[in-house]
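Note sheet for the following structure.
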Amino acid sequence: MSPASQEETNLLNLFQRVSGIGVVAAKKFVDKGYKSLEDLSNDPNLTHHQCVGLKYVDEFEKEIPRDEMENLLAIVKKTLNEIDSRYNMEACGSFRRGANISGDLDIILTHPDFTEVEEKVVKRHKATTPLLAQAVQALEKYGFLTDFVSTGNVKYMGVCQFPGTDPRSNQPYLHRRIDLRFIPHENYYTGLLAWTGDDELNRIMRSRAKELGYTLNEYGLRRRIKTETEETPGEKIPINSEEDVFKKLGMPYMEPHERNLRGVVKKKYLMYEE
DNA sequence: GGCACGGCCCATTCGT
DNA sequence: ACGAATGGGC
DNA sequence: GTGCC
């Protein structure tokens, strides 16, 4: 590779370390002649997301030990249940599968008042569901949330920090990426299953569902109605636990820590999740 | 051989 | 002003 | 690039 294009590749990779900068934005900044993250920081047109990404570019690359994940989650649970005991929350992703380290904290939230109907209402009004707004407000007041990346109808993305000094480093705890995702309570178990993964298990369960004439996704398990010409999702199958889903698919239940299939079943496409 | 490779949420920009 | 398209994240 | 149709 020529020196010039090697330098360009290096810069593209550097800029893409910043959350909020992907391939397209990185190219744009290279074209502008930027050579460093400092050049980037002087750009007056960074999006808010990119500003936050740049501010914490080093911290976001550091792994989160499991005990810190547990402590962060405990704060969220305690804070939200103090304002409303009917909040239900669970951390998903590799953490729920028992990983010793994680990249960020991804929490799904439910509340008996947040139904599929309520979700439709909220989206039509383009308003953040009050249950999410209230949760974020409580966590901000506490000082736990330090920055936001985005706040929508049903999903908050931001930055949190455990209070006090980390005994491992004798420094303040690092800033960590946190997502709060509200899902209608009817979809809790299929949502939990999907966001816990891993992606390989999701594939297996979805294709098994298909074989049996269902469709499975984070919104539920449905029968597929087949007519001559078209195929439409049918009635929703009632699901009251993760076990229910495995049962309907004729699969033995797998505990979350048994769901690390990636690499066991060999696959080239390591795309989504976490 | 041709085709798909997840699908949706949020922020921002573009086009009318 | 508003909806569509794009970029990004997961 | 690979697996599926």
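Residues in the structure tokens are numbered from 1 in each chain, the chains being A, B, ... in the order shown, and ligands are numbered from 1 in the order shown.
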
Please return, as an MDAnalysis selection string, all residues of range 103-256 of chain A that DSSP assigns to helix (DSSP H, G or I) on the basis of the backbone. chainID A and resid 116:124 130:141 185:196 199:211 242:248 256

Counting only C-alpha atoms (C1' of nucleotides), which residues of chain B sit at most 12 Å from some atom of chain A, and what is each one's closest atom pair with its distance in Å to one decimal, listed by chain and rising residue number, as JSON lines?
```
{"residue": "B:DC5", "atom": "C1'", "partner": "A:Tyr269", "partner_atom": "CA", "distance": 8.0}
{"residue": "B:DG6", "atom": "C1'", "partner": "A:Tyr272", "partner_atom": "CA", "distance": 7.7}
{"residue": "B:DG7", "atom": "C1'", "partner": "A:Asn217", "partner_atom": "CA", "distance": 10.0}
{"residue": "B:DC8", "atom": "C1'", "partner": "A:Glu218", "partner_atom": "CA", "distance": 10.8}
{"residue": "B:DC9", "atom": "C1'", "partner": "A:Lys155", "partner_atom": "CA", "distance": 7.2}
{"residue": "B:DC10", "atom": "C1'", "partner": "A:Gly152", "partner_atom": "CA", "distance": 6.2}
{"residue": "B:DA11", "atom": "C1'", "partner": "A:Ser150", "partner_atom": "CA", "distance": 7.6}
{"residue": "B:DT12", "atom": "C1'", "partner": "A:Thr47", "partner_atom": "CA", "distance": 8.2}
{"residue": "B:DT13", "atom": "C1'", "partner": "A:Thr47", "partner_atom": "CA", "distance": 11.7}
```

I need the contact residues of chain D against chain A, so if you could list those with any atom within 12 Å, counting only C-alpha atoms (C1' of nucleotides), and return them as a PyMOL selection string, that would help. chain D and resi 1-3

Can I get the selected residues back with C-alpha atoms (C1' of nucleotides), as an mmCIF file, in the first residue's frame?
```cif
data_model
loop_
_atom_site.group_PDB
_atom_site.id
_atom_site.type_symbol
_atom_site.label_atom_id
_atom_site.label_comp_id
_atom_site.auth_asym_id
_atom_site.auth_seq_id
_atom_site.Cartn_x
_atom_site.Cartn_y
_atom_site.Cartn_z
ATOM 1 C "C1'" DG D 1 -16.855 -14.437 0.969
ATOM 2 C "C1'" DT D 2 -20.327 -17.859 1.755
ATOM 3 C "C1'" DG D 3 -24.490 -20.317 2.027
#
```

I'd like a table as a tab-separated table: residues in range 78-121 of chain A with an atom no more than 12 Å from chain C, each row giving the shortest atom pair and its distance in Å to one decimal, only C-alpha atoms (C1' of nucleotides) counted, sorted by chain and rising residue number.
```
residue	atom	partner	partner_atom	distance
A:Gly93	CA	C:DC10	C1'	10.3
A:Gly103	CA	C:DC10	C1'	11.6
A:Asp104	CA	C:DC10	C1'	10.7
A:Leu105	CA	C:DC10	C1'	11.6
A:Asp106	CA	C:DC10	C1'	9.6
```

Once you have the residues from the selection above, write them out as a PDB file, in the first residue's frame, restricted to all heavy atoms.
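Saved the output as selection_16.pdb:
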```pdb
ATOM      1  N   GLY A  93     -27.482  -8.678  26.971  1.00  0.00           N
ATOM      2  CA  GLY A  93     -26.188  -8.862  26.324  1.00  0.00           C
ATOM      3  C   GLY A  93     -25.311  -9.882  27.031  1.00  0.00           C
ATOM      4  O   GLY A  93     -25.787 -10.754  27.753  1.00  0.00           O
ATOM      5  N   GLY A 103     -18.781  -4.410  27.390  1.00  0.00           N
ATOM      6  CA  GLY A 103     -18.429  -3.164  26.720  1.00  0.00           C
ATOM      7  C   GLY A 103     -19.316  -2.000  27.140  1.00  0.00           C
ATOM      8  O   GLY A 103     -18.881  -0.855  27.172  1.00  0.00           O
ATOM      9  N   ASP A 104     -20.556  -2.314  27.456  1.00  0.00           N
ATOM     10  CA  ASP A 104     -21.477  -1.272  27.890  1.00  0.00           C
ATOM     11  C   ASP A 104     -22.622  -1.921  28.654  1.00  0.00           C
ATOM     12  O   ASP A 104     -22.690  -3.141  28.766  1.00  0.00           O
ATOM     13  CB  ASP A 104     -22.007  -0.459  26.699  1.00  0.00           C
ATOM     14  CG  ASP A 104     -22.875  -1.292  25.774  1.00  0.00           C
ATOM     15  OD1 ASP A 104     -23.032  -2.502  26.008  1.00  0.00           O
ATOM     16  OD2 ASP A 104     -23.406  -0.721  24.809  1.00  0.00           O
ATOM     17  N   LEU A 105     -23.492  -1.080  29.184  1.00  0.00           N
ATOM     18  CA  LEU A 105     -24.609  -1.571  29.987  1.00  0.00           C
ATOM     19  C   LEU A 105     -25.900  -1.347  29.214  1.00  0.00           C
ATOM     20  O   LEU A 105     -26.268  -0.207  28.948  1.00  0.00           O
ATOM     21  CB  LEU A 105     -24.629  -0.825  31.319  1.00  0.00           C
ATOM     22  CG  LEU A 105     -25.700  -1.201  32.345  1.00  0.00           C
ATOM     23  CD1 LEU A 105     -25.675  -2.685  32.666  1.00  0.00           C
ATOM     24  CD2 LEU A 105     -25.498  -0.391  33.623  1.00  0.00           C
ATOM     25  N   ASP A 106     -26.535  -2.427  28.843  1.00  0.00           N
ATOM     26  CA  ASP A 106     -27.745  -2.371  28.028  1.00  0.00           C
ATOM     27  C   ASP A 106     -28.905  -2.894  28.869  1.00  0.00           C
ATOM     28  O   ASP A 106     -28.959  -4.076  29.186  1.00  0.00           O
ATOM     29  CB  ASP A 106     -27.531  -3.247  26.776  1.00  0.00           C
ATOM     30  CG  ASP A 106     -28.627  -3.044  25.741  1.00  0.00           C
ATOM     31  OD1 ASP A 106     -29.544  -2.229  25.977  1.00  0.00           O
ATOM     32  OD2 ASP A 106     -28.561  -3.696  24.694  1.00  0.00           O
TER      33      ASP A 106
END
```

Name all residues at most 12 Å from DC4 in chain D (count only C-alpha atoms (C1' of nucleotides); drop same-chain ones fewer than 4 positions away) and give them as number ranges by chain. B: 2-5

File of the preceding selection, all heavy atoms, as an mmCIF file, in the first residue's frame:
```
data_model
loop_
_atom_site.group_PDB
_atom_site.id
_atom_site.type_symbol
_atom_site.label_atom_id
_atom_site.label_comp_id
_atom_site.auth_asym_id
_atom_site.auth_seq_id
_atom_site.Cartn_x
_atom_site.Cartn_y
_atom_site.Cartn_z
ATOM 1 P P DG B 2 -25.384 -14.459 -13.076
ATOM 2 O OP1 DG B 2 -25.909 -13.795 -14.276
ATOM 3 O OP2 DG B 2 -24.029 -14.172 -12.579
ATOM 4 O "O5'" DG B 2 -26.417 -14.221 -11.892
ATOM 5 C "C5'" DG B 2 -27.781 -14.621 -12.059
ATOM 6 C "C4'" DG B 2 -28.533 -14.364 -10.780
ATOM 7 O "O4'" DG B 2 -28.155 -15.361 -9.787
ATOM 8 C "C3'" DG B 2 -28.268 -12.994 -10.140
ATOM 9 O "O3'" DG B 2 -29.517 -12.465 -9.731
ATOM 10 C "C2'" DG B 2 -27.330 -13.312 -8.978
ATOM 11 C "C1'" DG B 2 -27.782 -14.711 -8.574
ATOM 12 N N9 DG B 2 -26.771 -15.560 -7.952
ATOM 13 C C8 DG B 2 -25.476 -15.736 -8.351
ATOM 14 N N7 DG B 2 -24.810 -16.586 -7.611
ATOM 15 C C5 DG B 2 -25.734 -16.990 -6.654
ATOM 16 C C6 DG B 2 -25.601 -17.904 -5.575
ATOM 17 O O6 DG B 2 -24.605 -18.557 -5.237
ATOM 18 N N1 DG B 2 -26.785 -18.021 -4.846
ATOM 19 C C2 DG B 2 -27.956 -17.344 -5.139
ATOM 20 N N2 DG B 2 -28.988 -17.572 -4.344
ATOM 21 N N3 DG B 2 -28.092 -16.486 -6.150
ATOM 22 C C4 DG B 2 -26.948 -16.370 -6.858
ATOM 23 P P DC B 3 -29.571 -10.982 -9.106
ATOM 24 O OP1 DC B 3 -30.797 -10.346 -9.603
ATOM 25 O OP2 DC B 3 -28.243 -10.338 -9.265
ATOM 26 O "O5'" DC B 3 -29.772 -11.299 -7.555
ATOM 27 C "C5'" DC B 3 -30.724 -12.294 -7.154
ATOM 28 C "C4'" DC B 3 -30.581 -12.552 -5.682
ATOM 29 O "O4'" DC B 3 -29.469 -13.451 -5.455
ATOM 30 C "C3'" DC B 3 -30.313 -11.291 -4.846
ATOM 31 O "O3'" DC B 3 -31.355 -11.128 -3.917
ATOM 32 C "C2'" DC B 3 -28.950 -11.550 -4.189
ATOM 33 C "C1'" DC B 3 -28.817 -13.074 -4.259
ATOM 34 N N1 DC B 3 -27.427 -13.567 -4.360
ATOM 35 C C2 DC B 3 -26.983 -14.530 -3.448
ATOM 36 O O2 DC B 3 -27.770 -14.943 -2.588
ATOM 37 N N3 DC B 3 -25.709 -14.981 -3.549
ATOM 38 C C4 DC B 3 -24.896 -14.522 -4.492
ATOM 39 N N4 DC B 3 -23.658 -14.997 -4.551
ATOM 40 C C5 DC B 3 -25.327 -13.534 -5.438
ATOM 41 C C6 DC B 3 -26.584 -13.082 -5.329
ATOM 42 P P DA B 4 -31.445 -9.793 -3.073
ATOM 43 O OP1 DA B 4 -32.853 -9.359 -3.087
ATOM 44 O OP2 DA B 4 -30.357 -8.868 -3.489
ATOM 45 O "O5'" DA B 4 -31.097 -10.328 -1.615
ATOM 46 C "C5'" DA B 4 -31.753 -11.485 -1.129
ATOM 47 C "C4'" DA B 4 -31.114 -11.914 0.173
ATOM 48 O "O4'" DA B 4 -29.814 -12.492 -0.095
ATOM 49 C "C3'" DA B 4 -30.885 -10.788 1.182
ATOM 50 O "O3'" DA B 4 -31.198 -11.269 2.462
ATOM 51 C "C2'" DA B 4 -29.409 -10.458 1.017
ATOM 52 C "C1'" DA B 4 -28.813 -11.811 0.654
ATOM 53 N N9 DA B 4 -27.620 -11.757 -0.190
ATOM 54 C C8 DA B 4 -27.356 -10.915 -1.238
ATOM 55 N N7 DA B 4 -26.201 -11.127 -1.820
ATOM 56 C C5 DA B 4 -25.675 -12.201 -1.110
ATOM 57 C C6 DA B 4 -24.471 -12.913 -1.233
ATOM 58 N N6 DA B 4 -23.551 -12.647 -2.150
ATOM 59 N N1 DA B 4 -24.256 -13.925 -0.359
ATOM 60 C C2 DA B 4 -25.178 -14.199 0.555
ATOM 61 N N3 DA B 4 -26.355 -13.594 0.774
ATOM 62 C C4 DA B 4 -26.540 -12.599 -0.109
ATOM 63 P P DC B 5 -31.380 -10.242 3.684
ATOM 64 O OP1 DC B 5 -32.438 -10.799 4.537
ATOM 65 O OP2 DC B 5 -31.484 -8.871 3.142
ATOM 66 O "O5'" DC B 5 -29.991 -10.334 4.474
ATOM 67 C "C5'" DC B 5 -29.597 -11.595 5.020
ATOM 68 C "C4'" DC B 5 -28.144 -11.545 5.358
ATOM 69 O "O4'" DC B 5 -27.363 -11.565 4.149
ATOM 70 C "C3'" DC B 5 -27.718 -10.261 6.080
ATOM 71 O "O3'" DC B 5 -27.423 -10.572 7.431
ATOM 72 C "C2'" DC B 5 -26.482 -9.769 5.321
ATOM 73 C "C1'" DC B 5 -26.129 -10.951 4.443
ATOM 74 N N1 DC B 5 -25.491 -10.574 3.161
ATOM 75 C C2 DC B 5 -24.349 -11.259 2.750
ATOM 76 O O2 DC B 5 -23.926 -12.179 3.460
ATOM 77 N N3 DC B 5 -23.751 -10.904 1.592
ATOM 78 C C4 DC B 5 -24.255 -9.915 0.860
ATOM 79 N N4 DC B 5 -23.633 -9.609 -0.269
ATOM 80 C C5 DC B 5 -25.422 -9.206 1.258
ATOM 81 C C6 DC B 5 -25.992 -9.569 2.404
#
```

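Distances from A:Ile178, A:Leu14, A:Ala127, A:Met205 to chain C were compared using only C-alpha atoms (C1' of nucleotides), and the smallest one belongs to A:Ile178.
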
Expressed in Å to a single decimal, how great is the separation between CA of Glu242 in chain A and CA of Thr128 in chain A? 28.1 Å

Coordinates-based distance that separates CA of Gly191 in chain A from CA of Asn217 in chain A (Å, one decimal):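 So the answer is 7.8 Å.
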
Test item, strand (DSSP E or B) assignment across range 53-272 of chain A, answer as an NGL selection string: :A and (64-65 or 88-91 or 101-102 or 105-110 or 145-151 or 155-161 or 165-166 or 171-172 or 175-182 or 214-217 or 220-226 or 231-236 or 262 or 265)

CA of Ser19 in chain A and CA of Asn260 in chain A are how many Å apart? 26.3 Å

Distance query range 78-89 of chain A at most 6 Å, only C-alpha atoms (C1' of nucleotides), self and fewer than 5 positions along chain excluded, as a ChimeraX atom specification: /A:108-111

From the options A:Glu70, A:Leu46, A:Ile21, A:Leu132, which residue's atoms come nearest to chain C, counting only C-alpha atoms (C1' of nucleotides)?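 Nearest to chain C: A:Ile21.
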